[in-house]
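As stored in coords22.tsv (TSV, C-alpha atoms and all ligand atoms):
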```tsv
chain	number	residue	atom	x	y	z
A	1	MET	CA	142.78	67.85	125.54
A	2	ARG	CA	142.61	64.07	125.42
A	3	ILE	CA	144.99	62.39	127.83
A	4	PHE	CA	145.93	58.73	127.49
A	5	PHE	CA	147.06	56.42	130.27
A	6	ASP	CA	146.70	52.71	131.04
A	7	GLU	CA	146.65	51.50	134.67
A	8	ARG	CA	149.04	48.68	133.73
A	9	GLN	CA	151.80	51.30	133.32
A	10	LEU	CA	151.95	51.27	137.14
A	11	LEU	CA	152.99	47.60	137.30
A	12	HIS	CA	156.66	48.43	136.69
A	13	VAL	CA	158.16	48.93	140.16
A	14	PRO	CA	161.94	48.42	140.36
A	15	ALA	CA	163.24	48.38	143.93
A	16	ARG	CA	166.34	50.54	143.68
A	17	GLU	CA	169.01	51.93	141.39
A	18	LEU	CA	172.72	52.50	141.36
A	19	HIS	CA	173.11	56.29	141.61
A	20	ASN	CA	176.56	57.87	141.76
A	21	GLY	CA	177.95	54.71	143.33
A	22	ASP	CA	175.26	54.21	145.97
A	23	TRP	CA	172.10	52.13	145.97
A	24	THR	CA	169.18	54.55	146.23
A	25	ASP	CA	165.39	54.40	145.96
A	26	TYR	CA	164.31	54.23	142.32
A	27	ALA	CA	163.66	57.83	141.19
A	28	GLU	CA	161.28	56.84	138.40
A	29	THR	CA	158.49	55.80	140.77
A	30	PRO	CA	154.77	55.12	140.07
A	31	ALA	CA	154.01	58.02	142.48
A	32	ARG	CA	154.98	60.34	139.62
A	33	VAL	CA	151.74	59.35	137.89
A	34	GLY	CA	149.66	60.14	140.99
A	35	SER	CA	151.11	63.66	141.14
A	36	ILE	CA	150.31	64.31	137.49
A	37	ARG	CA	146.80	62.84	137.62
A	38	LYS	CA	145.89	65.10	140.55
A	39	ALA	CA	146.70	68.14	138.41
A	40	ILE	CA	145.12	67.20	135.05
A	41	ASP	CA	141.81	66.09	133.52
A	42	ALA	CA	140.53	62.51	133.55
A	43	VAL	CA	142.52	60.01	131.53
A	44	LEU	CA	141.37	57.70	128.74
A	45	ALA	CA	142.63	54.13	128.39
A	46	PRO	CA	144.31	53.59	125.02
A	47	ARG	CA	143.01	50.92	122.68
A	48	ASP	CA	145.38	48.08	121.82
A	49	PHE	CA	147.23	48.86	118.58
A	50	GLY	CA	149.19	45.61	118.92
A	51	GLU	CA	152.90	44.90	118.75
A	52	GLY	CA	153.26	45.94	115.10
A	53	PRO	CA	154.02	49.63	115.78
A	54	ILE	CA	156.54	48.63	118.47
A	55	ALA	CA	158.27	46.19	116.11
A	56	ALA	CA	158.49	48.97	113.51
A	57	VAL	CA	161.07	50.67	115.78
A	58	HIS	CA	162.70	47.97	117.93
A	59	SER	CA	164.52	44.83	116.73
A	60	PRO	CA	162.86	41.40	117.17
A	61	ASP	CA	165.72	40.05	119.29
A	62	TYR	CA	165.57	43.06	121.62
A	63	LEU	CA	161.79	42.68	122.10
A	64	ASP	CA	162.26	38.99	122.81
A	65	PHE	CA	164.91	39.88	125.40
A	66	LEU	CA	162.61	42.46	127.07
A	67	LYS	CA	159.69	40.04	127.34
A	68	HIS	CA	161.68	37.29	129.01
A	69	ALA	CA	164.55	38.97	130.88
A	70	ALA	CA	162.86	39.16	134.30
A	71	ASN	CA	161.83	35.48	134.22
A	72	ARG	CA	165.22	34.34	132.93
A	73	TRP	CA	166.90	36.27	135.74
A	74	ARG	CA	164.62	34.65	138.31
A	75	ASP	CA	165.19	31.21	136.72
A	76	ALA	CA	168.95	31.79	137.11
A	77	GLY	CA	168.27	31.96	140.85
A	78	ARG	CA	168.46	35.72	141.40
A	79	THR	CA	166.11	37.39	143.88
A	80	GLY	CA	166.30	41.09	142.94
A	81	ASP	CA	165.60	42.97	139.68
A	82	ALA	CA	167.61	42.10	136.55
A	83	ILE	CA	170.42	44.61	135.95
A	84	GLY	CA	173.40	44.39	133.60
A	85	TYR	CA	176.94	44.55	134.91
A	86	VAL	CA	179.19	43.51	131.98
A	87	TRP	CA	179.13	45.34	128.64
A	88	PRO	CA	180.61	44.04	125.36
A	89	VAL	CA	182.18	47.37	124.50
A	90	VAL	CA	185.95	47.04	124.51
A	91	ARG	CA	186.61	45.28	121.17
A	92	ARG	CA	184.46	42.29	122.22
A	93	ARG	CA	182.34	40.22	119.84
A	94	PRO	CA	178.51	40.28	120.04
A	95	LEU	CA	178.27	36.65	121.12
A	96	LYS	CA	174.89	34.96	121.71
A	97	PHE	CA	174.67	31.94	123.96
A	98	GLY	CA	171.58	32.47	126.08
A	99	ARG	CA	173.15	33.60	129.34
A	100	ILE	CA	170.87	36.28	130.86
A	101	ASP	CA	173.81	38.12	132.49
A	102	ALA	CA	175.52	38.44	129.10
A	103	ASP	CA	172.34	39.49	127.31
A	104	LEU	CA	171.72	42.25	129.88
A	105	GLY	CA	175.02	43.80	128.85
A	106	GLN	CA	174.25	43.27	125.15
A	107	TYR	CA	170.89	45.08	125.34
A	108	SER	CA	171.54	47.92	127.79
A	109	MET	CA	173.56	51.14	127.92
A	110	ASP	CA	173.65	51.63	131.70
A	111	ALA	CA	173.08	49.99	135.10
A	112	SER	CA	170.28	52.34	136.22
A	113	THR	CA	167.48	50.58	134.36
A	114	PRO	CA	166.36	47.38	136.13
A	115	LEU	CA	163.94	44.88	134.64
A	116	ALA	CA	161.29	43.96	137.21
A	117	ALA	CA	158.56	41.31	137.05
A	118	GLU	CA	155.96	43.35	135.10
A	119	THR	CA	158.28	45.69	133.19
A	120	TRP	CA	157.28	44.34	129.78
A	121	THR	CA	153.54	44.67	130.47
A	122	ALA	CA	153.97	48.24	131.72
A	123	ALA	CA	156.20	49.20	128.78
A	124	TYR	CA	153.78	47.65	126.29
A	125	TRP	CA	150.73	49.63	127.51
A	126	ASN	CA	152.88	52.72	127.90
A	127	ALA	CA	153.68	52.54	124.18
A	128	GLN	CA	149.96	52.04	123.44
A	129	SER	CA	149.23	55.32	125.29
A	130	ALA	CA	151.77	57.14	123.11
A	131	ILE	CA	150.28	55.66	119.94
A	132	ALA	CA	146.75	56.58	121.09
A	133	ALA	CA	147.81	60.22	121.56
A	134	VAL	CA	149.28	60.47	118.07
A	135	ASP	CA	146.26	58.60	116.66
A	136	ALA	CA	143.94	61.21	118.25
A	137	VAL	CA	145.92	64.01	116.63
A	138	LEU	CA	145.89	62.26	113.25
A	139	GLY	CA	142.12	62.01	113.73
A	140	GLY	CA	141.83	65.80	113.94
A	141	GLU	CA	142.55	66.78	117.57
A	142	ARG	CA	144.74	69.87	117.81
A	143	SER	CA	146.76	68.25	120.58
A	144	ALA	CA	146.84	65.21	122.88
A	145	PHE	CA	148.92	64.07	125.83
A	146	ALA	CA	150.28	60.59	126.59
A	147	LEU	CA	150.98	60.20	130.30
A	148	CYS	CA	153.87	57.88	129.60
A	149	ARG	CA	155.73	56.23	132.42
A	150	PRO	CA	158.33	54.68	132.33
A	151	PRO	CA	159.91	57.27	130.01
A	152	GLY	CA	161.20	56.25	126.57
A	153	HIS	CA	163.69	58.64	124.97
A	154	HIS	CA	166.89	56.87	126.13
A	155	ALA	CA	165.83	53.49	124.64
A	156	GLY	CA	167.42	52.78	121.25
A	157	PRO	CA	166.49	50.31	118.51
A	158	ASP	CA	168.01	47.44	120.49
A	159	TYR	CA	168.94	48.75	123.91
A	160	LEU	CA	167.40	49.99	127.17
A	161	GLY	CA	168.81	52.64	129.51
A	162	GLY	CA	167.99	55.75	131.53
A	163	TYR	CA	164.79	54.26	133.02
A	164	CYS	CA	163.59	53.59	129.43
A	165	TYR	CA	162.65	50.28	127.75
A	166	LEU	CA	160.53	51.09	124.70
A	167	ASN	CA	160.97	54.42	122.94
A	168	ASN	CA	157.40	55.71	123.17
A	169	ILE	CA	157.90	58.85	121.09
A	170	ALA	CA	159.80	57.03	118.34
A	171	ILE	CA	157.04	54.41	118.18
A	172	ALA	CA	154.44	57.21	117.94
A	173	ALA	CA	156.44	59.04	115.24
A	174	GLN	CA	156.89	55.91	113.14
A	175	PHE	CA	153.17	55.14	113.57
A	176	ALA	CA	152.37	58.59	112.14
A	177	ILE	CA	154.73	58.08	109.19
A	178	ASP	CA	153.18	54.67	108.49
A	179	ALA	CA	149.74	56.32	108.63
A	180	GLY	CA	150.80	58.63	105.79
A	181	GLN	CA	152.44	61.65	107.41
A	182	LYS	CA	155.33	62.85	105.23
A	183	ARG	CA	157.42	64.77	107.76
A	184	VAL	CA	157.39	64.52	111.55
A	185	ALA	CA	159.34	66.80	113.91
A	186	ILE	CA	160.33	65.62	117.39
A	187	LEU	CA	161.24	68.27	119.95
A	188	ASP	CA	162.80	66.88	123.14
A	189	VAL	CA	162.72	69.27	126.12
A	190	ASP	CA	163.57	66.76	128.85
A	191	TYR	CA	166.65	67.75	130.92
A	192	HIS	CA	168.54	64.76	129.49
A	193	HIS	CA	169.47	64.23	125.86
A	194	GLY	CA	167.15	61.79	124.03
A	195	ASN	CA	169.90	59.53	122.76
A	196	GLY	CA	167.59	56.64	121.89
A	197	THR	CA	165.32	58.78	119.72
A	198	GLN	CA	168.38	60.29	118.05
A	199	ASP	CA	169.84	56.85	117.30
A	200	ILE	CA	166.54	55.53	115.93
A	201	PHE	CA	166.14	58.39	113.42
A	202	TRP	CA	169.87	59.12	112.85
A	203	GLU	CA	169.74	58.31	109.12
A	204	ARG	CA	166.19	59.48	108.46
A	205	GLY	CA	165.30	62.50	106.37
A	206	ASP	CA	161.57	62.35	107.18
A	207	VAL	CA	161.97	62.76	110.95
A	208	LEU	CA	163.61	65.87	112.39
A	209	PHE	CA	165.01	65.32	115.90
A	210	ILE	CA	165.80	68.41	117.98
A	211	SER	CA	166.82	68.31	121.64
A	212	LEU	CA	167.43	70.96	124.32
A	213	HIS	CA	169.23	69.41	127.26
A	214	ALA	CA	171.97	69.62	129.86
A	215	ASP	CA	175.39	69.60	128.22
A	216	PRO	CA	176.51	65.96	128.09
A	217	VAL	CA	179.99	67.11	129.07
A	218	THR	CA	178.59	67.35	132.62
A	219	ASP	CA	175.43	65.26	132.50
A	220	TYR	CA	173.99	61.87	131.61
A	221	PRO	CA	174.05	60.33	128.99
A	222	PHE	CA	177.54	61.79	128.25
A	223	TYR	CA	178.18	59.97	124.97
A	224	TRP	CA	175.39	61.61	122.95
A	225	GLY	CA	173.86	65.08	122.62
A	226	HIS	CA	176.94	67.13	121.69
A	227	LYS	CA	176.33	69.88	119.19
A	228	ASP	CA	178.46	68.38	116.42
A	229	GLU	CA	175.99	65.45	116.04
A	230	HIS	CA	173.90	66.10	112.90
A	231	GLY	CA	172.79	62.69	111.60
A	232	GLU	CA	174.13	60.75	108.61
A	233	GLY	CA	173.05	59.75	105.10
A	234	ASP	CA	169.47	60.93	104.40
A	235	GLY	CA	169.42	62.10	108.02
A	236	THR	CA	172.27	64.56	107.62
A	237	GLY	CA	171.07	67.89	109.05
A	238	HIS	CA	167.95	66.28	110.58
A	239	THR	CA	169.44	65.90	114.06
A	240	LEU	CA	170.02	69.14	115.96
A	241	ASN	CA	171.32	69.39	119.54
A	242	PHE	CA	171.26	72.36	121.91
A	243	PRO	CA	173.41	71.45	124.93
A	244	LEU	CA	172.90	73.99	127.74
A	245	PRO	CA	175.01	74.60	130.85
A	246	ARG	CA	173.92	73.61	134.34
A	247	GLY	CA	172.10	76.53	135.94
A	248	THR	CA	170.23	77.49	132.75
A	249	ALA	CA	167.13	79.57	133.58
A	250	ILE	CA	164.13	80.57	131.46
A	251	ASP	CA	165.66	83.50	129.53
A	252	ALA	CA	168.63	81.55	128.15
A	253	TYR	CA	166.39	78.53	127.67
A	254	ARG	CA	163.99	80.55	125.49
A	255	VAL	CA	166.83	81.76	123.26
A	256	ALA	CA	167.79	78.15	122.46
A	257	LEU	CA	164.13	77.21	122.14
A	258	ALA	CA	163.56	79.99	119.59
A	259	ASN	CA	166.39	78.57	117.46
A	260	ALA	CA	164.92	75.09	117.74
A	261	LEU	CA	161.46	76.34	116.77
A	262	SER	CA	162.79	78.17	113.75
A	263	ALA	CA	164.46	74.96	112.53
A	264	ILE	CA	161.10	73.18	112.96
A	265	ARG	CA	159.34	75.88	110.90
A	266	THR	CA	161.91	75.51	108.12
A	267	PHE	CA	161.34	71.73	108.06
A	268	GLU	CA	157.57	72.27	107.55
A	269	PRO	CA	156.43	69.14	109.39
A	270	ASP	CA	152.91	67.71	109.15
A	271	LEU	CA	153.04	66.86	112.83
A	272	LEU	CA	154.98	67.79	115.97
A	273	LEU	CA	155.78	65.37	118.79
A	274	ILE	CA	157.19	66.62	122.07
A	275	SER	CA	159.25	64.63	124.54
A	276	PHE	CA	158.23	66.55	127.67
A	277	GLY	CA	160.33	66.15	130.80
A	278	ALA	CA	159.76	68.31	133.88
A	279	ASP	CA	163.22	67.44	135.20
A	280	THR	CA	164.37	70.88	134.01
A	281	PHE	CA	162.60	72.08	137.20
A	282	ALA	CA	164.74	74.05	139.68
A	283	ASP	CA	164.05	71.59	142.51
A	284	ASP	CA	164.47	68.37	140.55
A	285	PRO	CA	166.52	65.96	142.69
A	286	ILE	CA	168.74	64.64	139.84
A	287	SER	CA	169.00	67.69	137.57
A	288	PHE	CA	170.51	71.20	137.51
A	289	PHE	CA	168.44	73.73	135.51
A	290	GLN	CA	166.52	76.67	137.02
A	291	ILE	CA	163.12	76.37	135.35
A	292	HIS	CA	160.13	77.23	137.59
A	293	THR	CA	156.49	76.14	137.53
A	294	LYS	CA	155.23	79.30	135.77
A	295	ASP	CA	158.00	79.00	133.14
A	296	TYR	CA	156.48	75.79	131.79
A	297	ALA	CA	153.47	77.79	130.56
A	298	VAL	CA	155.85	80.11	128.69
A	299	ILE	CA	157.75	77.21	127.11
A	300	GLY	CA	154.44	75.59	126.18
A	301	ALA	CA	153.13	78.83	124.65
A	302	ASP	CA	156.31	79.32	122.59
A	303	ILE	CA	155.92	75.80	121.16
A	304	ALA	CA	152.15	76.02	120.70
A	305	ALA	CA	152.67	79.19	118.62
A	306	LEU	CA	154.01	76.96	115.83
A	307	GLY	CA	150.35	76.12	115.23
A	308	LEU	CA	151.13	72.48	114.45
A	309	PRO	CA	149.07	69.40	115.37
A	310	THR	CA	150.94	68.24	118.46
A	311	ALA	CA	151.18	65.06	120.53
A	312	ILE	CA	152.95	65.48	123.86
A	313	ILE	CA	154.69	62.44	125.32
A	314	MET	CA	155.74	62.39	128.99
A	315	GLU	CA	159.41	61.67	129.75
A	316	GLY	CA	161.18	62.58	133.03
A	317	GLY	CA	160.57	64.76	136.10
A	318	TYR	CA	161.48	63.52	139.57
A	319	ALA	CA	160.39	66.27	141.98
A	320	VAL	CA	157.23	64.27	142.59
A	321	ASP	CA	155.27	66.85	144.62
A	322	ALA	CA	155.65	69.59	141.97
A	323	LEU	CA	155.49	67.29	138.94
A	324	GLY	CA	151.72	67.58	138.48
A	325	GLU	CA	151.68	71.40	138.60
A	326	ASN	CA	154.66	71.66	136.26
A	327	THR	CA	153.09	69.31	133.75
A	328	ALA	CA	149.68	71.03	133.96
A	329	SER	CA	151.39	74.41	133.48
A	330	PHE	CA	153.01	73.16	130.25
A	331	LEU	CA	149.85	71.46	128.91
A	332	ALA	CA	147.64	74.49	129.59
A	333	SER	CA	149.33	76.35	126.72
A	334	PHE	CA	147.97	73.80	124.25
B	1	LIG	C1	165.68	59.65	132.45
B	1	LIG	B1	164.95	60.76	131.76
B	1	LIG	C2	173.22	59.67	137.52
B	1	LIG	C3	172.39	58.49	137.11
B	1	LIG	C4	171.52	58.90	135.98
B	1	LIG	C5	169.67	58.04	134.73
B	1	LIG	C6	168.88	59.27	134.47
B	1	LIG	C7	167.81	58.95	133.50
B	1	LIG	C8	166.86	60.08	133.26
B	1	LIG	N1	174.01	59.34	138.63
B	1	LIG	N2	170.39	58.05	135.95
B	1	LIG	O1	165.64	61.42	130.75
B	1	LIG	O2	164.37	61.71	132.65
B	2	ZN	ZN	165.35	63.34	131.93
```
For the file at hand, write its structure as structure tokens.
Ligand code: OKP
Ligand code: ZN
Amino acid sequence: MRIFFDERQLLHVPARELHNGDWTDYAETPARVGSIRKAIDAVLAPRDFGEGPIAAVHSPDYLDFLKHAANRWRDAGRTGDAIGYVWPVVRRRPLKFGRIDADLGQYSMDASTPLAAETWTAAYWNAQSAIAAVDAVLGGERSAFALCRPPGHHAGPDYLGGYCYLNNIAIAAQFAIDAGQKRVAILDVDYHHGNGTQDIFWERGDVLFISLHADPVTDYPFYWGHKDEHGEGDGTGHTLNFPLPRGTAIDAYRVALANALSAIRTFEPDLLLISFGADTFADDPISFFQIHTKDYAVIGADIAALGLPTAIIMEGGYAVDALGENTASFLASF
């Protein structure tokens, strides 16, 4: 299986995050990549597909914000990473007047996603890795893996959040559509709901978005991922959520997965993209499912049995020591 990764994805190194009211070490660390690379085959550097495929998903003003936020923050005299702390949500107007503090609130959904000096560079090459994986599959490979980091599925058309800046899988899906694919299915098996991907394709009939995740009644991101969310307009019925209770283990997980896979079969996609997060792991430090290393091979085999051309895009997974084995266990089924 071809695996895509660019060394520049390691340049994004936020110092810390606000977690349950305390400042803690940043969970989404570059060490995650080291753990995965130890357990998988050699990686290939993606070629540069340019900014076009990124701009096909994210708004121009948001991309402009992302490119300059860290410098603007520094120019405003701040020493640490740029993080929002005021949000224009309570009947406020979307005012624009060039204050970095205000723009951080305008373009983010949480305070756990800092912009550090090289965040844009890392996010850019990260997206190129995702595009390269889908490009390989469009070129005839049965499957490919993008070792994406930072993750992408919480980033919306014009907002960052949940450690995510550019929505790698949405960029890859749109790239496939623009290359002539008629129907693309996205299956998100990260522990957290992929709110950004859902928002991006909310009104789209050509992209099916299905997510299995911790019930947002108890878990981040709370405001998305409930089972009554089905999409709107042309997208009605093309968003499908399977919220699962904390403590979910492999047997109950496979029941939901079987329902998700049957909806994918009915949709008859040309291509399948998977948002793969290993934060469903029993020992994940920020999550509460009971999935074990050997279970990832079972989940992978269930999905692979669809027989679809498949690009796998890395999302979360924060038990760094086990992350490589868990990811390798999943990939082996393809
Ligand atoms: C990213 B991905 C809870 C803070 C939650 C954000 C979690 C983002 C997960 N106190 N922090 O889906 O793995
Ligand atoms: Zn996650």
Please return as an mmCIF file with C-alpha atoms, in the coordinates of the input the residues found within 9 Å of ligand ZN 2 (chain B), counting only C-alpha atoms and all ligand atoms.
```
data_model
loop_
_atom_site.group_PDB
_atom_site.id
_atom_site.type_symbol
_atom_site.label_atom_id
_atom_site.label_comp_id
_atom_site.auth_asym_id
_atom_site.auth_seq_id
_atom_site.Cartn_x
_atom_site.Cartn_y
_atom_site.Cartn_z
ATOM 1 C CA PRO A 151 159.910 57.270 130.010
ATOM 2 C CA HIS A 153 163.690 58.640 124.970
ATOM 3 C CA HIS A 154 166.890 56.870 126.130
ATOM 4 C CA GLY A 162 167.990 55.750 131.530
ATOM 5 C CA VAL A 189 162.720 69.270 126.120
ATOM 6 C CA ASP A 190 163.570 66.760 128.850
ATOM 7 C CA TYR A 191 166.650 67.750 130.920
ATOM 8 C CA HIS A 192 168.540 64.760 129.490
ATOM 9 C CA HIS A 193 169.470 64.230 125.860
ATOM 10 C CA GLY A 194 167.150 61.790 124.030
ATOM 11 C CA HIS A 213 169.230 69.410 127.260
ATOM 12 C CA TYR A 220 173.990 61.870 131.610
ATOM 13 C CA PHE A 276 158.230 66.550 127.670
ATOM 14 C CA GLY A 277 160.330 66.150 130.800
ATOM 15 C CA ALA A 278 159.760 68.310 133.880
ATOM 16 C CA ASP A 279 163.220 67.440 135.200
ATOM 17 C CA THR A 280 164.370 70.880 134.010
ATOM 18 C CA ILE A 286 168.740 64.640 139.840
ATOM 19 C CA SER A 287 169.000 67.690 137.570
ATOM 20 C CA GLU A 315 159.410 61.670 129.750
ATOM 21 C CA GLY A 316 161.180 62.580 133.030
ATOM 22 C CA GLY A 317 160.570 64.760 136.100
ATOM 23 C CA TYR A 318 161.480 63.520 139.570
#
```
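Compared by their closest atoms to ligand LIG 1 (chain B), and using all atoms listed in the file, the residues A:Phe334, A:Phe242, A:Phe49, A:Tyr163 rank with A:Tyr163 nearest.
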Q: Show which residues sit within 9 Å of Tyr253 of chain A, as a ChimeraX atom specification. Count only C-alpha atoms, and ignore same-chain residues fewer than 5 positions away.
A: /A:212,244,248,258,291,299
Q | Point (158.7, 38.0, 132.4), cut-off 12 Å, counting only C-alpha atoms, residues as a PyMOL selection string | A | chain A and resi 12+63-75+81-82+115-122
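Close contacts of Ile303 of chain A, defined as residues with an atom at most 10 Å away when counting only C-alpha atoms, with chain neighbours fewer than 2 positions off set aside, comprise A:Leu187, A:Leu257, A:Ala258, A:Ala260, A:Leu261, A:Leu272, A:Ile274, A:Ala297, A:Val298, A:Ile299, A:Gly300, A:Ala301, A:Ala305, A:Leu306, A:Gly307, A:Leu308, A:Thr310, A:Phe330, A:Ser333, A:Phe334.
For the choices A:Ser262, A:Thr236, A:Ser275, A:Ser329, the atom-to-atom distance to ligand LIG 1 (chain B) is smallest for A:Ser275 when using all atoms listed in the file.
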Q: Tell me, in Å to one decimal, how far atom CA of Thr239 of chain A is from atom CA of Phe5 of chain A.
A: 29.2 Å
Adding 6 Å on each side of the box along x, y and z that holds all listed atoms of ligand LIG 1 (chain B), could you give its centre and edge lengths in Å to one decimal, as AutoDock Vina command-line options?
```
--center_x 169.2 --center_y 59.9 --center_z 134.7 --size_x 21.6 --size_y 15.7 --size_z 19.9
```
Q | Nearest to Glu28 of chain A by atom-to-atom distance, counting only C-alpha atoms, from A:Leu208, A:Val13, A:Ala332, A:Ile40 | A | A:Val13
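Of the residues under consideration (A:Cys148, A:Ala282, A:Ala39, A:Ala328), A:Ala282 shows the shortest atom-to-atom contact distance to Arg246 of chain A when counting only C-alpha atoms.
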Q) In Å, with one decimal, what is the gap from atom CA of Arg16 of chain A to atom CA of Pro114 of chain A? A) 8.2 Å
Q | Separation of atom CA of Val57 of chain A from atom CA of Leu104 of chain A in Å | A | 19.6 Å
(Q) Could you check the closest approach to ligand LIG 1 (chain B) for each of A:Gln290, A:Asn167, A:Ser35, A:Ser129 and tell me which residue wins, using all atoms listed in the file? (A) A:Asn167
(Q) Given all atoms listed in the file as the basis, pick out the residue of A:Gly225, A:Pro269, A:Pro94, A:Pro243 nearest to Ala176 of chain A. (A) A:Pro269
**Q.** Gly152 of chain A surroundings by all atoms listed in the file, 7 Å radius, close-in-sequence under 5 positions cut, as a VMD selection string
**A.** chain A and resid 164 to 169 315
Residue subset to file, keeping C-alpha atoms, as a PDB file, keeping the file's coordinate frame:
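So the final result, stored in part.pdb, reads:
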```pdb
ATOM      1  CA  CYS A 164     163.590  53.590 129.430  1.00  0.00           C
ATOM      2  CA  TYR A 165     162.650  50.280 127.750  1.00  0.00           C
ATOM      3  CA  LEU A 166     160.530  51.090 124.700  1.00  0.00           C
ATOM      4  CA  ASN A 167     160.970  54.420 122.940  1.00  0.00           C
ATOM      5  CA  ASN A 168     157.400  55.710 123.170  1.00  0.00           C
ATOM      6  CA  ILE A 169     157.900  58.850 121.090  1.00  0.00           C
ATOM      7  CA  GLU A 315     159.410  61.670 129.750  1.00  0.00           C
TER       8      GLU A 315
END
```
Could you complete segment 295-301 of chain A so that it carries all heavy atoms, and give it back as a tab-separated table (two decimals), keeping the file's coordinate frame?
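Once written, selection_27.tsv looks like this:
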```
chain	number	residue	atom	x	y	z
A	295	ASP	N	157.24	78.99	134.40
A	295	ASP	CA	158.00	79.00	133.14
A	295	ASP	C	157.50	77.93	132.16
A	295	ASP	O	157.63	78.09	130.94
A	295	ASP	CB	159.49	78.74	133.39
A	295	ASP	CG	160.14	79.80	134.28
A	295	ASP	OD1	159.67	80.96	134.26
A	295	ASP	OD2	161.14	79.47	134.97
A	296	TYR	N	156.95	76.85	132.69
A	296	TYR	CA	156.48	75.79	131.79
A	296	TYR	C	155.35	76.28	130.88
A	296	TYR	O	155.23	75.85	129.74
A	296	TYR	CB	156.07	74.53	132.57
A	296	TYR	CG	157.28	73.82	133.12
A	296	TYR	CD1	157.61	73.89	134.47
A	296	TYR	CD2	158.14	73.12	132.26
A	296	TYR	CE1	158.74	73.25	134.97
A	296	TYR	CE2	159.28	72.48	132.75
A	296	TYR	CZ	159.57	72.56	134.09
A	296	TYR	OH	160.70	71.96	134.57
A	297	ALA	N	154.54	77.23	131.39
A	297	ALA	CA	153.47	77.79	130.56
A	297	ALA	C	154.07	78.62	129.42
A	297	ALA	O	153.54	78.63	128.30
A	297	ALA	CB	152.55	78.65	131.41
A	298	VAL	N	155.18	79.29	129.71
A	298	VAL	CA	155.85	80.11	128.69
A	298	VAL	C	156.47	79.21	127.62
A	298	VAL	O	156.33	79.46	126.41
A	298	VAL	CB	156.94	80.99	129.36
A	298	VAL	CG1	157.74	81.76	128.31
A	298	VAL	CG2	156.31	81.93	130.38
A	299	ILE	N	157.15	78.16	128.06
A	299	ILE	CA	157.75	77.21	127.11
A	299	ILE	C	156.65	76.59	126.26
A	299	ILE	O	156.77	76.48	125.03
A	299	ILE	CB	158.55	76.13	127.88
A	299	ILE	CG1	159.74	76.78	128.60
A	299	ILE	CG2	159.02	75.03	126.93
A	299	ILE	CD1	160.44	75.86	129.61
A	300	GLY	N	155.56	76.18	126.90
A	300	GLY	CA	154.44	75.59	126.18
A	300	GLY	C	153.87	76.56	125.16
A	300	GLY	O	153.59	76.19	124.01
A	301	ALA	N	153.71	77.83	125.55
A	301	ALA	CA	153.13	78.83	124.65
A	301	ALA	C	154.05	79.08	123.45
A	301	ALA	O	153.58	79.22	122.31
A	301	ALA	CB	152.86	80.13	125.40
```
